[in-house]
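Here is data.cif, consisting of mmCIF, C-alpha atoms:
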data_upload
loop_
_atom_site.group_PDB
_atom_site.id
_atom_site.type_symbol
_atom_site.label_atom_id
_atom_site.label_comp_id
_atom_site.auth_asym_id
_atom_site.auth_seq_id
_atom_site.Cartn_x
_atom_site.Cartn_y
_atom_site.Cartn_z
ATOM 1 C CA MET A 1 -34.312 18.621 94.494
ATOM 2 C CA ASN A 2 -34.854 22.168 93.295
ATOM 3 C CA PRO A 3 -37.182 23.809 95.883
ATOM 4 C CA LEU A 4 -39.141 25.593 93.152
ATOM 5 C CA ILE A 5 -39.872 22.336 91.340
ATOM 6 C CA GLU A 6 -40.747 20.697 94.650
ATOM 7 C CA ALA A 7 -43.268 23.448 95.437
ATOM 8 C CA LEU A 8 -44.776 23.109 91.966
ATOM 9 C CA LEU A 9 -45.043 19.343 92.400
ATOM 10 C CA ALA A 10 -46.683 19.680 95.828
ATOM 11 C CA LEU A 11 -49.174 22.176 94.392
ATOM 12 C CA LEU A 12 -50.031 19.938 91.429
ATOM 13 C CA VAL A 13 -50.414 16.854 93.630
ATOM 14 C CA LEU A 14 -52.689 18.635 96.098
ATOM 15 C CA LEU A 15 -54.750 20.191 93.281
ATOM 16 C CA GLY A 16 -55.211 16.826 91.604
ATOM 17 C CA ALA A 17 -56.232 15.100 94.814
ATOM 18 C CA ALA A 18 -58.653 17.933 95.639
ATOM 19 C CA PHE A 19 -60.333 17.646 92.219
ATOM 20 C CA THR A 20 -60.639 13.888 92.625
ATOM 21 C CA LEU A 21 -62.210 14.361 96.044
ATOM 22 C CA VAL A 22 -64.637 16.999 94.734
ATOM 23 C CA GLY A 23 -65.740 14.617 91.988
ATOM 24 C CA SER A 24 -66.539 11.880 94.473
ATOM 25 C CA VAL A 25 -68.302 14.278 96.843
ATOM 26 C CA GLY A 26 -70.457 15.353 93.893
ATOM 27 C CA LEU A 27 -71.186 11.705 93.149
ATOM 28 C CA VAL A 28 -72.501 11.262 96.670
ATOM 29 C CA ARG A 29 -74.255 14.589 97.224
ATOM 30 C CA LEU A 30 -76.035 15.529 93.978
ATOM 31 C CA PRO A 31 -79.766 14.753 93.785
ATOM 32 C CA ASP A 32 -80.437 12.838 90.550
ATOM 33 C CA PHE A 33 -78.525 10.654 88.141
ATOM 34 C CA LEU A 34 -77.952 13.085 85.292
ATOM 35 C CA SER A 35 -76.480 15.707 87.613
ATOM 36 C CA ARG A 36 -74.490 13.020 89.425
ATOM 37 C CA LEU A 37 -73.088 12.001 86.045
ATOM 38 C CA HIS A 38 -71.200 15.186 85.360
ATOM 39 C CA ALA A 39 -69.497 15.593 88.731
ATOM 40 C CA PRO A 40 -67.044 12.676 88.513
ATOM 41 C CA THR A 41 -66.631 12.514 84.741
ATOM 42 C CA LYS A 42 -65.221 16.021 84.543
ATOM 43 C CA SER A 43 -63.475 16.677 87.792
ATOM 44 C CA THR A 44 -61.818 13.290 88.167
ATOM 45 C CA THR A 45 -60.438 13.554 84.639
ATOM 46 C CA LEU A 46 -58.967 16.935 85.520
ATOM 47 C CA GLY A 47 -57.665 15.635 88.850
ATOM 48 C CA VAL A 48 -56.003 12.573 87.370
ATOM 49 C CA GLY A 49 -54.593 14.742 84.556
ATOM 50 C CA SER A 50 -53.028 17.078 87.102
ATOM 51 C CA LEU A 51 -51.586 14.153 89.076
ATOM 52 C CA LEU A 52 -50.148 12.658 85.899
ATOM 53 C CA ILE A 53 -48.502 15.977 84.983
ATOM 54 C CA ALA A 54 -46.968 16.063 88.475
ATOM 55 C CA SER A 55 -45.701 12.521 88.021
ATOM 56 C CA GLY A 56 -44.273 13.355 84.594
ATOM 57 C CA VAL A 57 -42.389 16.344 86.006
ATOM 58 C CA TYR A 58 -41.130 14.240 88.919
ATOM 59 C CA PHE A 59 -39.744 11.437 86.771
ATOM 60 C CA SER A 60 -38.360 13.819 84.133
ATOM 61 C CA GLN A 61 -35.742 15.297 86.468
ATOM 62 C CA GLY A 62 -32.116 14.875 85.535
ATOM 63 C CA ASP A 63 -31.576 14.051 81.879
ATOM 64 C CA THR A 64 -34.339 11.497 81.340
ATOM 65 C CA LEU A 65 -37.703 12.437 79.862
ATOM 66 C CA SER A 66 -40.679 10.419 81.073
ATOM 67 C CA LEU A 67 -43.571 10.175 78.647
ATOM 68 C CA HIS A 68 -45.587 7.219 79.982
ATOM 69 C CA GLU A 69 -47.908 9.622 81.770
ATOM 70 C CA LEU A 70 -48.884 11.270 78.521
ATOM 71 C CA LEU A 71 -50.240 7.923 77.338
ATOM 72 C CA VAL A 72 -52.499 7.494 80.369
ATOM 73 C CA THR A 73 -53.640 11.134 80.195
ATOM 74 C CA LEU A 74 -54.458 10.890 76.505
ATOM 75 C CA PHE A 75 -56.328 7.643 77.014
ATOM 76 C CA LEU A 76 -58.385 9.058 79.895
ATOM 77 C CA PHE A 77 -59.202 12.243 77.989
ATOM 78 C CA ILE A 78 -60.450 10.195 75.040
ATOM 79 C CA THR A 79 -62.410 7.576 76.979
ATOM 80 C CA ALA A 80 -64.085 9.653 79.715
ATOM 81 C CA PRO A 81 -66.536 11.489 77.393
ATOM 82 C CA VAL A 82 -67.375 8.248 75.584
ATOM 83 C CA SER A 83 -68.296 6.411 78.777
ATOM 84 C CA ALA A 84 -70.225 9.444 80.081
ATOM 85 C CA HIS A 85 -72.176 9.624 76.828
ATOM 86 C CA LEU A 86 -73.030 5.930 76.987
ATOM 87 C CA LEU A 87 -74.081 6.210 80.642
ATOM 88 C CA ALA A 88 -76.367 9.140 79.831
ATOM 89 C CA ARG A 89 -77.901 7.182 76.965
ATOM 90 C CA ALA A 90 -78.456 4.192 79.229
ATOM 91 C CA ALA A 91 -80.134 6.440 81.812
ATOM 92 C CA LEU A 92 -82.399 7.993 79.175
ATOM 93 C CA HIS A 93 -83.217 4.538 77.845
ATOM 94 C CA LEU A 94 -84.245 3.359 81.311
ATOM 95 C CA GLY A 95 -86.237 6.576 81.896
ATOM 96 C CA LEU A 96 -84.625 7.455 85.208
ATOM 97 C CA PRO A 97 -86.444 10.209 87.134
ATOM 98 C CA THR A 98 -84.992 13.706 86.935
ATOM 99 C CA ARG A 99 -85.746 16.314 89.541
ATOM 100 C CA ALA A 100 -87.375 18.842 87.185
ATOM 101 C CA ALA A 101 -89.152 17.588 84.089
ATOM 102 C CA PRO A 102 -88.364 19.564 80.927
ATOM 103 C CA PRO A 103 -91.281 21.662 79.590
ATOM 104 C CA ALA A 104 -93.447 19.852 77.089
ATOM 105 C CA VAL A 105 -93.117 20.831 73.440
ATOM 106 C CA GLY A 106 -95.592 23.512 72.294
ATOM 107 C CA GLU A 107 -96.819 24.265 75.804
ATOM 108 C CA PRO A 108 -96.326 27.765 77.256
ATOM 109 C CA ARG A 109 -94.146 28.065 80.347
ATOM 110 C CA ASP A 110 -95.545 29.236 83.686
ATOM 111 C CA GLY A 111 -96.955 32.732 83.419
ATOM 112 C CA VAL A 112 -95.622 33.268 79.919
ATOM 113 C CA ARG A 113 -98.168 33.630 77.141
ATOM 114 C CA SER A 114 -96.783 33.562 73.659
ATOM 115 C CA MET B 1 -42.711 19.431 101.617
ATOM 116 C CA LEU B 2 -43.443 16.980 98.838
ATOM 117 C CA SER B 3 -43.772 14.023 101.190
ATOM 118 C CA VAL B 4 -46.310 15.889 103.345
ATOM 119 C CA ALA B 5 -48.275 16.858 100.224
ATOM 120 C CA LEU B 6 -48.139 13.247 99.012
ATOM 121 C CA THR B 7 -49.451 11.900 102.304
ATOM 122 C CA LEU B 8 -52.258 14.455 102.326
ATOM 123 C CA ALA B 9 -53.130 13.716 98.697
ATOM 124 C CA LEU B 10 -53.150 9.961 99.353
ATOM 125 C CA ALA B 11 -55.586 10.520 102.230
ATOM 126 C CA MET B 12 -57.841 12.662 100.017
ATOM 127 C CA VAL B 13 -57.895 10.113 97.207
ATOM 128 C CA ALA B 14 -58.619 7.353 99.723
ATOM 129 C CA LEU B 15 -61.568 9.378 101.007
ATOM 130 C CA ALA B 16 -62.765 9.822 97.406
ATOM 131 C CA LEU B 17 -62.551 6.044 96.927
ATOM 132 C CA ALA B 18 -64.611 5.481 100.073
ATOM 133 C CA LEU B 19 -67.259 7.965 98.878
ATOM 134 C CA SER B 20 -67.625 6.314 95.481
ATOM 135 C CA LEU B 21 -67.771 2.924 97.199
ATOM 136 C CA TRP B 22 -70.700 4.274 99.234
ATOM 137 C CA ARG B 23 -72.471 5.248 96.008
ATOM 138 C CA LEU B 24 -71.709 1.818 94.564
ATOM 139 C CA MET B 25 -73.403 0.082 97.485
ATOM 140 C CA ARG B 26 -76.248 2.565 97.850
ATOM 141 C CA GLY B 27 -77.414 2.679 94.251
ATOM 142 C CA PRO B 28 -80.304 3.411 93.780
ATOM 143 C CA SER B 29 -80.338 2.628 90.040
ATOM 144 C CA THR B 30 -78.058 0.473 87.881
ATOM 145 C CA PRO B 31 -76.464 3.418 85.952
ATOM 146 C CA ASP B 32 -75.584 4.913 89.350
ATOM 147 C CA ARG B 33 -73.640 1.790 90.216
ATOM 148 C CA ILE B 34 -71.898 1.739 86.842
ATOM 149 C CA LEU B 35 -70.956 5.398 87.300
ATOM 150 C CA ALA B 36 -69.614 4.589 90.770
ATOM 151 C CA LEU B 37 -67.476 1.788 89.292
ATOM 152 C CA ASP B 38 -66.214 4.205 86.625
ATOM 153 C CA THR B 39 -65.248 6.755 89.281
ATOM 154 C CA LEU B 40 -63.691 4.001 91.363
ATOM 155 C CA TYR B 41 -61.287 2.923 88.630
ATOM 156 C CA ILE B 42 -60.290 6.498 87.769
ATOM 157 C CA ASN B 43 -59.609 7.139 91.472
ATOM 158 C CA THR B 44 -57.552 3.946 91.569
ATOM 159 C CA ILE B 45 -55.401 5.323 88.735
ATOM 160 C CA ALA B 46 -54.868 8.496 90.789
ATOM 161 C CA LEU B 47 -53.926 6.386 93.823
ATOM 162 C CA LEU B 48 -51.443 4.316 91.789
ATOM 163 C CA VAL B 49 -49.800 7.420 90.318
ATOM 164 C CA LEU B 50 -49.407 8.955 93.775
ATOM 165 C CA PHE B 51 -48.009 5.690 95.099
ATOM 166 C CA GLY B 52 -45.573 5.550 92.194
ATOM 167 C CA ILE B 53 -44.236 9.015 93.061
ATOM 168 C CA ARG B 54 -43.991 8.037 96.724
ATOM 169 C CA GLN B 55 -42.118 4.809 96.025
ATOM 170 C CA GLN B 56 -40.050 6.431 93.236
ATOM 171 C CA SER B 57 -40.908 3.563 90.948
ATOM 172 C CA GLN B 58 -42.213 3.701 87.388
ATOM 173 C CA ILE B 59 -43.623 0.190 87.436
ATOM 174 C CA TYR B 60 -46.991 1.444 88.696
ATOM 175 C CA PHE B 61 -47.695 3.170 85.373
ATOM 176 C CA GLU B 62 -48.093 -0.143 83.639
ATOM 177 C CA ALA B 63 -50.719 -1.071 86.213
ATOM 178 C CA ALA B 64 -52.418 2.319 85.811
ATOM 179 C CA LEU B 65 -52.513 1.961 82.028
ATOM 180 C CA LEU B 66 -53.958 -1.548 82.276
ATOM 181 C CA ILE B 67 -56.603 -0.415 84.757
ATOM 182 C CA ALA B 68 -57.550 2.487 82.474
ATOM 183 C CA LEU B 69 -57.950 0.123 79.525
ATOM 184 C CA MET B 70 -59.886 -2.592 81.329
ATOM 185 C CA GLY B 71 -62.045 -0.161 83.256
ATOM 186 C CA PHE B 72 -63.132 1.594 80.078
ATOM 187 C CA ILE B 73 -63.992 -1.698 78.416
ATOM 188 C CA GLY B 74 -65.952 -2.759 81.503
ATOM 189 C CA THR B 75 -67.973 0.478 81.565
ATOM 190 C CA LEU B 76 -68.639 0.135 77.843
ATOM 191 C CA ALA B 77 -69.840 -3.449 78.193
ATOM 192 C CA LEU B 78 -72.128 -2.668 81.139
ATOM 193 C CA CYS B 79 -73.690 0.334 79.334
ATOM 194 C CA LYS B 80 -74.173 -1.755 76.217
ATOM 195 C CA TYR B 81 -75.891 -4.381 78.324
ATOM 196 C CA LEU B 82 -78.293 -1.791 79.758
ATOM 197 C CA LEU B 83 -79.001 -0.304 76.331
ATOM 198 C CA ARG B 84 -79.516 -3.496 74.355
ATOM 199 C CA GLY B 85 -79.980 -6.257 76.907
ATOM 200 C CA ASP B 86 -77.040 -8.000 75.277
ATOM 201 C CA ILE B 87 -73.322 -7.311 75.034
ATOM 202 C CA ILE B 88 -72.243 -9.087 71.854
ATOM 203 C CA GLU B 89 -75.037 -9.202 69.317
#
Just dump the structure as structure tokens.
Amino acid sequence: MNPLIEALLALLVLLGAAFTLVGSVGLVRLPDFLSRLHAPTKSTTLGVGSLLIASGVYFSQGDTLSLHELLVTLFLFITAPVSAHLLARAALHLGLPTRAAPPAVGEPRDGVRS
Amino acid sequence: MLSVALTLALAMVALALALSLWRLMRGPSTPDRILALDTLYINTIALLVLFGIRQQSQIYFEAALLIALMGFIGTLALCKYLLRGDIIE
């Protein structure tokens, strides 16, 4: 295998795995549901996308072109925002506690007189 | 070089799976558990892709595609259940 391509593949694989790990760490560490929601939905999509690019490059060596990965990537990029949106709506519907309540409408903020 | 990177990446994704499993068991609310399941299936896709590169086999993509499809439908159904109290109205 071409050493340059191998280095690129190793970099992509490690980057993807690191993003996936960061997403799950965020899922465990962040304080309330709405902030927990955006850690995995973004970073795991990016991580899996990077892994799928690595896999596409790996299986495209020689004279064959591998395009299965594009299908999975496209599907994940379309579905991840939809499921995140629905989860956020479900959380709002249930009235889950957030750490800081948003300021009430028409009420001045702390120390600010308008 | 690639095999070392693959082993390391497999370990990292396995750790990510364990962390989301912890969130799945811990809760505390139902959307948290659904989100943990969502993360779990996306991490499983990552694991399958890495395993496919390691085994030099393309057959794992079919599994990854199926998991992506079914996982999305599962998340959708669970969210719908929380929102409406019913899945098929």
Which of these residues is nearest to chain B, using all atoms listed in the file: A:Gly56, A:Leu21, A:Lys42, A:Gln61?
->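 Residue with the minimum atom-to-atom distance to chain B: A:Leu21.
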Which residues come within 8 Å of segment 10-19 of chain B, counting all atoms listed in the file, excluding same-chain residues fewer than 5 positions away, as a list of chain:residue names?
->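 Answer for this query is A:Ala17, A:Ala18, A:Thr20, A:Leu21, A:Val22, A:Gly23, A:Ser24, A:Val25, A:Leu27, A:Val28, B:Leu40, B:Asn43, B:Thr44, B:Ala46, B:Leu47, B:Leu50, B:Phe51.
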Could you please determine the separation between atom CA of Gly74 of chain B and atom CA of His85 of chain A in Å, to one decimal place?
->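 Atom CA of His85 of chain A lies 14.6 Å from atom CA of Gly74 of chain B.
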Test item: chain A residues at most 7 Å from chain B, counting all atoms listed in the file, as a list of chain:residue names = A:Glu6, A:Ala10, A:Val13, A:Leu14, A:Ala17, A:Ala18, A:Thr20, A:Leu21, A:Ser24, A:Val25, A:Leu27, A:Val28, A:Phe33, A:Pro40, A:Thr44, A:Val48, A:Leu51, A:Leu52, A:Ser55, A:Val72, A:Thr79, A:Ser83, A:Leu86, A:Leu87, A:Ala90, A:Ala91, A:His93
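When all atoms listed in the file are used to measure the gap to Phe59 of chain A, the shortest distance among B:Met25, B:Leu37, B:Ile87, B:Ile59 belongs to B:Ile59.
The coordinates place atom CA of Thr45 of chain A at 26.3 Å from atom CA of Pro97 of chain A.
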Just how far from atom CA of Ile5 of chain A is atom CA of Leu67 of chain A, in Å to one decimal?
-> 18.0 Å
Excluding Thr73 of chain A and residues on its chain fewer than 2 positions from it, collect all residues at most 8 Å away from it, counting all atoms listed in the file, and give them as a PyMOL selection string.
-> chain A and resi 48-49+52+69-71+75-77
Return the padded bounding box of segment 21-33 of chain B as AutoDock Vina command-line options: axis-aligned, built from all atoms listed in the file, 3 Å added on each side, with centre and edge lengths in Å to one decimal.
--center_x -74.1 --center_y 2.7 --center_z 92.6 --size_x 18.6 --size_y 11.2 --size_z 19.3
